[in-house]
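A.B. asks: Can you read through this structure? Questions will come right after.
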Amino acid sequence: NRRIQLAERPKGVPDARTFRMEEGSVPEPGDGEVLVRTVYLSVDPYMRGRMNDVKSYVPPFPLNEVLTGGVVGQVEHSRDERFQSGDLVLGMLGWQDYSVAKADELTPVNPELAPPSTALGVLGMPGLTAYFGLLDIGSPQEGETVVVSGAAGAVGSVVGQIAKIKGCRVVGIAGSKEKLRYLTEELQFDAAIDYRSENWQQELKQACPDGVDVYFDNVGGEVSDGVIRLINPFARIPLCGQIALYNLEKPDLGPRIQPFLLVNRVWMKGFIVSDYSRRFKEGLTQLGQWVAQGKIRYREQIVDGLENAPDAFLGLFRGENIGKQLVKVSEI
Ligand code: NDP
């Protein structure tokens, strides 16, 4: 049973020293527990925050213990009547080949409804983040302009497509020409801007001739400073992620944006997807319908092998993924 542990708390950008692979025996499930073989493992930007020893909405990862995250796995052996060998399940499990989990903490995954990997992406936590953040906080109205940063990623790609379904003008911000093509050609965004281009602010202004009514913020930093300059009166800003800041060693003090928010009576609200856990069923039903109808398209980028999970995680900060980044650990 190979396991990846947190070997060291990173300062700045994590690297190979942050992780350690070790081997142990396959654990035995007790009463009410299930032995799960990891099939897909999710790497997520929020895990960077858990590598620091600071108080947040989730506790820090303990040092020298296995990292945990979203996993789709297959039941090898069950000591609970709700699960049988061969069942597919979703849970917060270890970065390891096999995990023992309490049956109460697992959710069944039905492979007849959708490919099982989607339970970690478009029909899982990132999809729900897009759904509730955009609709509940952003409340996009027909004809409004919605800007989303981190637009080609797991959350952002769904945000933009829901905004299109709601009849908005949608502008995505992302970090490569290939991502821009994906957004405008495959996902039908109205415009896409490369924040690495020198004139991106000017390009954004041209792409938003009527200003910005909703800004779904996945990245923070200078990208968000630029978007907020174009914000309209009574705009809404769902504050979802700040990936541009996660690896900073010192706080980055940008321009003071409060005057833009004040003068325009902007509503900026941070949220964590679990705030909406009572409504997950509603969100998944609607997202499932949109996916089945082809109104929401999705991509997954899948690397093979547990040993490659650290690099797949680091790739999020290098912008290597289009859509949801996953690691495939074993076959179904
Ligand atoms: P993504 O699939 O979007 O992957 C991360 C992407 O972020 C990269 O591909 C990269 O794309 C972009 N990025 C990396 N570094 C920077 C940087 N310095 N500046 C600008 N962009 C950068 O990840 P997710 O969709 O899973 O998550 C998106 C955001 O949402 C994250 O900030 C995450 O923490 C947050 N989140 C929040 C949740 C909540 O409950 N509030 C739940 C889930 C996610 P590019 O090429 O465009 O740079």
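Labeling convention for the structure tokens: chains A, B, ... as they appear, residues from 1 per chain, ligands from 1 in order of appearance.
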At a cut-off of 8 Å, using only C-alpha atoms, what residues contact Gly121 (chain A)? Leave out same-chain residues fewer than 3 positions from it and give the result as a list in words.
C.D. replies: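 Final neighbour list, sorted by chain and number: Ser117, Thr118, Gly124, Met125, Pro126, Gly127, Ala154, Glu300 and Lys324 of chain A.
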A.B. asks: Would you put the residues from that selection into a file with N, CA and C atoms, as a PDB file, in the first residue's frame?
C.D. replies:
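See again.pdb below for the written result:
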ATOM      1  N   SER A 117     -15.467   9.400 -12.906  1.00  0.00           N
ATOM      2  CA  SER A 117     -14.526  10.497 -12.636  1.00  0.00           C
ATOM      3  C   SER A 117     -15.238  11.838 -12.481  1.00  0.00           C
ATOM      4  N   THR A 118     -16.417  11.977 -13.087  1.00  0.00           N
ATOM      5  CA  THR A 118     -17.115  13.276 -13.002  1.00  0.00           C
ATOM      6  C   THR A 118     -17.558  13.605 -11.584  1.00  0.00           C
ATOM      7  N   GLY A 124     -19.318  17.093  -9.242  1.00  0.00           N
ATOM      8  CA  GLY A 124     -18.797  16.956  -7.888  1.00  0.00           C
ATOM      9  C   GLY A 124     -18.516  18.323  -7.291  1.00  0.00           C
ATOM     10  N   MET A 125     -17.539  18.382  -6.419  1.00  0.00           N
ATOM     11  CA  MET A 125     -17.258  19.598  -5.656  1.00  0.00           C
ATOM     12  C   MET A 125     -17.016  20.824  -6.558  1.00  0.00           C
ATOM     13  N   PRO A 126     -16.172  20.725  -7.606  1.00  0.00           N
ATOM     14  CA  PRO A 126     -15.972  21.929  -8.434  1.00  0.00           C
ATOM     15  C   PRO A 126     -17.241  22.397  -9.153  1.00  0.00           C
ATOM     16  N   GLY A 127     -18.024  21.460  -9.674  1.00  0.00           N
ATOM     17  CA  GLY A 127     -19.279  21.824 -10.345  1.00  0.00           C
ATOM     18  C   GLY A 127     -20.233  22.516  -9.380  1.00  0.00           C
ATOM     19  N   ALA A 154     -11.437  23.736 -13.558  1.00  0.00           N
ATOM     20  CA  ALA A 154     -12.585  22.898 -13.190  1.00  0.00           C
ATOM     21  C   ALA A 154     -13.798  23.742 -12.804  1.00  0.00           C
ATOM     22  N   GLU A 300     -11.460  16.604 -18.720  1.00  0.00           N
ATOM     23  CA  GLU A 300     -10.685  16.131 -17.577  1.00  0.00           C
ATOM     24  C   GLU A 300      -9.275  15.881 -18.068  1.00  0.00           C
ATOM     25  N   LYS A 324     -10.777  19.698 -15.277  1.00  0.00           N
ATOM     26  CA  LYS A 324     -10.463  19.115 -13.968  1.00  0.00           C
ATOM     27  C   LYS A 324      -9.223  18.230 -14.025  1.00  0.00           C
TER      28      LYS A 324
END
A.B. asks: Pick out the residues sitting within 10 Å of Lys177 (chain A), and hand them over as an mmCIF file with N, CA and C atoms, in the first residue's frame; count only C-alpha atoms, and ignore anything fewer than 6 positions along from it in its own chain.
C.D. replies:
data_model
loop_
_atom_site.group_PDB
_atom_site.id
_atom_site.type_symbol
_atom_site.label_atom_id
_atom_site.label_comp_id
_atom_site.auth_asym_id
_atom_site.auth_seq_id
_atom_site.Cartn_x
_atom_site.Cartn_y
_atom_site.Cartn_z
ATOM 1 N N LEU A 183 -12.042 28.095 -24.603
ATOM 2 C CA LEU A 183 -13.176 28.841 -24.046
ATOM 3 C C LEU A 183 -14.107 29.369 -25.139
ATOM 4 N N ALA A 192 -12.414 35.762 -24.612
ATOM 5 C CA ALA A 192 -11.478 35.210 -23.628
ATOM 6 C C ALA A 192 -10.204 36.032 -23.685
ATOM 7 N N ILE A 193 -9.634 36.290 -22.510
ATOM 8 C CA ILE A 193 -8.477 37.177 -22.373
ATOM 9 C C ILE A 193 -7.342 36.418 -21.700
ATOM 10 N N ASP A 194 -6.130 36.591 -22.242
ATOM 11 C CA ASP A 194 -4.937 35.972 -21.652
ATOM 12 C C ASP A 194 -4.294 36.970 -20.697
ATOM 13 N N ARG A 196 -1.665 36.886 -19.231
ATOM 14 C CA ARG A 196 -0.212 37.011 -19.386
ATOM 15 C C ARG A 196 0.159 37.958 -20.524
ATOM 16 N N SER A 197 -0.848 38.354 -21.312
ATOM 17 C CA SER A 197 -0.534 39.262 -22.422
ATOM 18 C C SER A 197 -0.360 40.688 -21.875
#
A.B. asks: Set the cut-off to 6 Å, count only C-alpha atoms and all ligand atoms, and list whatever residues fall near ligand 1 as a PDB file with C-alpha atoms, in the first residue's frame.
C.D. replies:
ATOM      1  CA  ASP A  44      -7.242  20.701  -5.725  1.00  0.00           C
ATOM      2  CA  PRO A  45      -5.775  24.163  -5.175  1.00  0.00           C
ATOM      3  CA  TYR A  46      -7.266  24.469  -1.657  1.00  0.00           C
ATOM      4  CA  PRO A 126     -15.972  21.929  -8.434  1.00  0.00           C
ATOM      5  CA  THR A 129     -18.860  25.448  -6.355  1.00  0.00           C
ATOM      6  CA  GLY A 150      -9.370  30.825 -13.794  1.00  0.00           C
ATOM      7  CA  GLY A 153     -10.205  25.270 -14.936  1.00  0.00           C
ATOM      8  CA  ALA A 154     -12.585  22.898 -13.190  1.00  0.00           C
ATOM      9  CA  VAL A 155     -14.716  25.575 -11.514  1.00  0.00           C
ATOM     10  CA  GLY A 156     -14.308  28.417 -14.017  1.00  0.00           C
ATOM     11  CA  ALA A 174      -7.043  32.379 -18.475  1.00  0.00           C
ATOM     12  CA  GLY A 175      -3.311  31.865 -18.948  1.00  0.00           C
ATOM     13  CA  SER A 176      -2.646  30.497 -22.448  1.00  0.00           C
ATOM     14  CA  ASN A 218     -11.055  32.283  -8.745  1.00  0.00           C
ATOM     15  CA  VAL A 219      -7.584  33.822  -8.670  1.00  0.00           C
ATOM     16  CA  CYS A 240     -14.334  31.730  -4.656  1.00  0.00           C
ATOM     17  CA  GLY A 241     -10.542  31.347  -4.768  1.00  0.00           C
ATOM     18  CA  GLN A 242      -7.299  33.323  -4.637  1.00  0.00           C
ATOM     19  CA  ILE A 243      -4.851  30.913  -6.252  1.00  0.00           C
ATOM     20  CA  ALA A 244      -2.522  33.741  -7.308  1.00  0.00           C
ATOM     21  CA  PHE A 271     -18.113  31.407   0.226  1.00  0.00           C
ATOM     22  CA  ILE A 272     -17.072  27.801   0.713  1.00  0.00           C
ATOM     23  CA  VAL A 273     -18.969  25.189  -1.250  1.00  0.00           C
ATOM     24  CA  LEU A 316      -2.241  23.481 -10.983  1.00  0.00           C
ATOM     25  CA  PHE A 317       0.030  26.374 -10.012  1.00  0.00           C
ATOM     26  CA  ARG A 318       1.814  26.243 -13.359  1.00  0.00           C
ATOM     27  CA  GLY A 319      -1.542  26.352 -15.144  1.00  0.00           C
ATOM     28  CA  GLU A 320      -0.986  23.034 -16.897  1.00  0.00           C
ATOM     29  CA  ASN A 321      -4.564  21.811 -16.683  1.00  0.00           C
ATOM     30  CA  GLY A 323     -10.673  21.377 -16.982  1.00  0.00           C
ATOM     31  CA  LYS A 324     -10.463  19.115 -13.968  1.00  0.00           C
TER      32      LYS A 324
END
A.B. asks: I need the residue nearest Ile302 (chain A) from this list: A:Leu120, A:Leu135, A:Val36, A:Ala130. Use only C-alpha atoms for the distance.
C.D. replies: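 Selected residue with least distance to Ile302 (chain A): A:Leu120.
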A.B. asks: Nearest to Glu81 (chain A) among A:Ile296, A:Leu128, A:Val26, A:Val34, with distances taken over only C-alpha atoms: which residue is it?
C.D. replies: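 So, comparing all the options, the nearest one is A:Val34.
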A.B. asks: Using only C-alpha atoms, which residues sit within 10 Å of Asp31 (chain A) once same-chain residues fewer than 4 positions away are excluded, as a PyMOL selection string?
C.D. replies: chain A and resi 78-80+102-103
A.B. asks: Would you mind exporting the chosen residues as a CSV table (one decimal), in the first residue's frame, restricted to C-alpha atoms?
C.D. replies:
chain,number,residue,atom,x,y,z
A,78,SER,CA,-17.1,-4.3,3.0
A,79,ARG,CA,-18.1,-4.8,6.6
A,80,ASP,CA,-21.2,-2.7,6.3
A,102,LYS,CA,-16.3,4.5,7.7
A,103,ALA,CA,-19.3,3.5,5.6
A.B. asks: Quick one: residues within 9 Å of region 93-101 of chain A, only C-alpha atoms counted, chain neighbours fewer than 4 positions away excluded, as a PyMOL selection string?
C.D. replies: chain A and resi 1-5+26-30+32-39+41+66-73+76+105-106+306+309+329-330
A.B. asks: Considering only strand (DSSP E or B) as DSSP defines it on the backbone, what residues of region 1-192 of chain A qualify? List them as a VMD selection string.
C.D. replies: chain A and resid 2 to 6 19 to 23 33 to 42 66 68 to 78 88 to 94 96 98 to 102 107 to 108 145 to 149 153 169 to 174 191 to 192
A.B. asks: Next, the residues of the selection above should be written as an mmCIF file, in the first residue's frame with C-alpha atoms.
C.D. replies:
data_model
loop_
_atom_site.group_PDB
_atom_site.id
_atom_site.type_symbol
_atom_site.label_atom_id
_atom_site.label_comp_id
_atom_site.auth_asym_id
_atom_site.auth_seq_id
_atom_site.Cartn_x
_atom_site.Cartn_y
_atom_site.Cartn_z
ATOM 1 C CA ARG A 2 1.868 3.077 -1.250
ATOM 2 C CA ARG A 3 1.081 6.348 0.542
ATOM 3 C CA ILE A 4 2.048 9.961 -0.090
ATOM 4 C CA GLN A 5 2.721 11.960 3.041
ATOM 5 C CA LEU A 6 3.320 15.604 3.786
ATOM 6 C CA PHE A 19 6.042 15.058 -0.381
ATOM 7 C CA ARG A 20 7.261 11.623 0.643
ATOM 8 C CA MET A 21 6.139 8.276 -0.723
ATOM 9 C CA GLU A 22 6.230 5.376 1.702
ATOM 10 C CA GLU A 23 4.861 1.863 1.775
ATOM 11 C CA GLU A 33 -16.028 0.061 7.679
ATOM 12 C CA VAL A 34 -15.093 -0.522 4.055
ATOM 13 C CA LEU A 35 -11.769 -1.187 2.314
ATOM 14 C CA VAL A 36 -11.593 1.056 -0.756
ATOM 15 C CA ARG A 37 -9.137 0.818 -3.647
ATOM 16 C CA THR A 38 -8.320 4.270 -5.004
ATOM 17 C CA VAL A 39 -9.303 4.686 -8.658
ATOM 18 C CA TYR A 40 -9.256 8.468 -9.203
ATOM 19 C CA LEU A 41 -7.727 10.992 -6.878
ATOM 20 C CA SER A 42 -8.500 14.700 -7.087
ATOM 21 C CA VAL A 66 -0.860 10.697 4.460
ATOM 22 C CA THR A 68 -6.152 13.400 1.998
ATOM 23 C CA GLY A 69 -8.460 14.611 -0.724
ATOM 24 C CA GLY A 70 -11.411 13.705 -2.902
ATOM 25 C CA VAL A 71 -11.252 10.108 -4.136
ATOM 26 C CA VAL A 72 -13.433 7.901 -6.310
ATOM 27 C CA GLY A 73 -12.671 4.320 -5.405
ATOM 28 C CA GLN A 74 -13.932 0.794 -5.675
ATOM 29 C CA VAL A 75 -14.985 -1.305 -2.689
ATOM 30 C CA GLU A 76 -12.643 -4.268 -2.202
ATOM 31 C CA HIS A 77 -14.145 -5.564 1.008
ATOM 32 C CA SER A 78 -17.111 -4.286 2.987
ATOM 33 C CA LEU A 88 -17.939 2.627 -6.644
ATOM 34 C CA VAL A 89 -17.804 5.267 -3.920
ATOM 35 C CA LEU A 90 -16.811 8.888 -3.349
ATOM 36 C CA GLY A 91 -15.052 10.005 -0.185
ATOM 37 C CA MET A 92 -12.384 12.165 1.387
ATOM 38 C CA LEU A 93 -9.643 9.545 1.496
ATOM 39 C CA GLY A 94 -5.875 9.260 1.534
ATOM 40 C CA GLN A 96 -2.751 5.959 -1.174
ATOM 41 C CA TYR A 98 -6.030 1.490 -0.358
ATOM 42 C CA SER A 99 -7.975 3.237 2.388
ATOM 43 C CA VAL A 100 -10.271 2.075 5.132
ATOM 44 C CA ALA A 101 -13.286 4.353 5.502
ATOM 45 C CA LYS A 102 -16.338 4.474 7.701
ATOM 46 C CA THR A 107 -21.265 8.295 -1.003
ATOM 47 C CA PRO A 108 -22.236 5.756 -3.691
ATOM 48 C CA THR A 145 -21.764 40.735 -18.440
ATOM 49 C CA VAL A 146 -20.165 37.975 -16.371
ATOM 50 C CA VAL A 147 -16.366 37.801 -16.083
ATOM 51 C CA VAL A 148 -14.742 34.677 -14.654
ATOM 52 C CA SER A 149 -11.047 34.235 -13.832
ATOM 53 C CA GLY A 153 -10.205 25.270 -14.936
ATOM 54 C CA ARG A 169 -22.339 37.889 -22.067
ATOM 55 C CA VAL A 170 -19.453 35.775 -20.774
ATOM 56 C CA VAL A 171 -15.795 36.746 -20.725
ATOM 57 C CA GLY A 172 -13.183 34.297 -19.442
ATOM 58 C CA ILE A 173 -9.674 35.113 -18.210
ATOM 59 C CA ALA A 174 -7.043 32.379 -18.475
ATOM 60 C CA ALA A 191 -14.575 36.464 -25.377
ATOM 61 C CA ALA A 192 -11.478 35.210 -23.628
#
A.B. asks: I need the residues of region 106-254 of chain A that end up classed as alpha helix (DSSP H) by DSSP on the backbone, written out as a PDB file with C-alpha atoms, in the first residue's frame.
C.D. replies:
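The resulting file, selection.pdb, is reproduced below:
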ATOM      1  CA  MET A 125     -17.258  19.598  -5.656  1.00  0.00           C
ATOM      2  CA  PRO A 126     -15.972  21.929  -8.434  1.00  0.00           C
ATOM      3  CA  GLY A 127     -19.279  21.824 -10.345  1.00  0.00           C
ATOM      4  CA  LEU A 128     -21.221  22.586  -7.165  1.00  0.00           C
ATOM      5  CA  THR A 129     -18.860  25.448  -6.355  1.00  0.00           C
ATOM      6  CA  ALA A 130     -19.586  26.987  -9.750  1.00  0.00           C
ATOM      7  CA  TYR A 131     -23.331  26.392  -9.455  1.00  0.00           C
ATOM      8  CA  PHE A 132     -23.929  27.872  -6.010  1.00  0.00           C
ATOM      9  CA  ALA A 154     -12.585  22.898 -13.190  1.00  0.00           C
ATOM     10  CA  VAL A 155     -14.716  25.575 -11.514  1.00  0.00           C
ATOM     11  CA  GLY A 156     -14.308  28.417 -14.017  1.00  0.00           C
ATOM     12  CA  SER A 157     -15.299  26.410 -17.085  1.00  0.00           C
ATOM     13  CA  VAL A 158     -18.598  25.491 -15.438  1.00  0.00           C
ATOM     14  CA  VAL A 159     -19.225  29.050 -14.188  1.00  0.00           C
ATOM     15  CA  GLY A 160     -18.961  30.457 -17.710  1.00  0.00           C
ATOM     16  CA  GLN A 161     -21.248  27.846 -19.220  1.00  0.00           C
ATOM     17  CA  ILE A 162     -23.945  28.362 -16.563  1.00  0.00           C
ATOM     18  CA  ALA A 163     -23.737  32.103 -17.211  1.00  0.00           C
ATOM     19  CA  LYS A 164     -24.281  31.394 -20.944  1.00  0.00           C
ATOM     20  CA  ILE A 165     -27.324  29.253 -20.077  1.00  0.00           C
ATOM     21  CA  LYS A 177      -3.711  30.779 -26.079  1.00  0.00           C
ATOM     22  CA  GLU A 178      -4.821  27.150 -26.060  1.00  0.00           C
ATOM     23  CA  LYS A 179      -7.107  27.883 -23.109  1.00  0.00           C
ATOM     24  CA  LEU A 180      -8.580  30.921 -24.886  1.00  0.00           C
ATOM     25  CA  ARG A 181      -9.386  28.792 -27.923  1.00  0.00           C
ATOM     26  CA  TRP A 200      -4.742  42.309 -21.166  1.00  0.00           C
ATOM     27  CA  GLN A 201      -6.462  45.130 -19.267  1.00  0.00           C
ATOM     28  CA  GLN A 202      -7.152  46.998 -22.490  1.00  0.00           C
ATOM     29  CA  GLU A 203      -8.388  43.791 -24.126  1.00  0.00           C
ATOM     30  CA  LEU A 204     -10.651  43.111 -21.158  1.00  0.00           C
ATOM     31  CA  LYS A 205     -12.099  46.595 -21.394  1.00  0.00           C
ATOM     32  CA  GLN A 206     -12.877  46.077 -25.071  1.00  0.00           C
ATOM     33  CA  ALA A 207     -14.449  42.688 -24.303  1.00  0.00           C
ATOM     34  CA  GLY A 221      -4.191  39.325  -7.152  1.00  0.00           C
ATOM     35  CA  GLU A 222      -3.559  41.581 -10.120  1.00  0.00           C
ATOM     36  CA  VAL A 223      -6.122  39.859 -12.320  1.00  0.00           C
ATOM     37  CA  SER A 224      -8.881  40.756  -9.884  1.00  0.00           C
ATOM     38  CA  ASP A 225      -7.563  44.290  -9.419  1.00  0.00           C
ATOM     39  CA  GLY A 226      -7.893  44.724 -13.184  1.00  0.00           C
ATOM     40  CA  VAL A 227     -11.435  43.367 -13.386  1.00  0.00           C
ATOM     41  CA  ILE A 228     -12.657  45.424 -10.416  1.00  0.00           C
TER      42      ILE A 228
END
A.B. asks: Excluding region 249-252 of chain A and any residue of its chain fewer than 4 positions from it, enumerate the residues within 9 Å of it, using only C-alpha atoms, and give them as a list in words.
C.D. replies: Lys11, Gly12, Val13, Gly221 and Leu245 of chain A
A.B. asks: Take the selection from the previous step and output its residues with C-alpha atoms, as a PDB file, in the first residue's frame.
C.D. replies:
ATOM      1  CA  LYS A  11       7.550  27.930   2.063  1.00  0.00           C
ATOM      2  CA  GLY A  12       6.401  29.530  -1.151  1.00  0.00           C
ATOM      3  CA  VAL A  13       5.853  27.159  -4.045  1.00  0.00           C
ATOM      4  CA  GLY A 221      -4.191  39.325  -7.152  1.00  0.00           C
ATOM      5  CA  LEU A 245      -1.805  34.314  -3.612  1.00  0.00           C
TER       6      LEU A 245
END
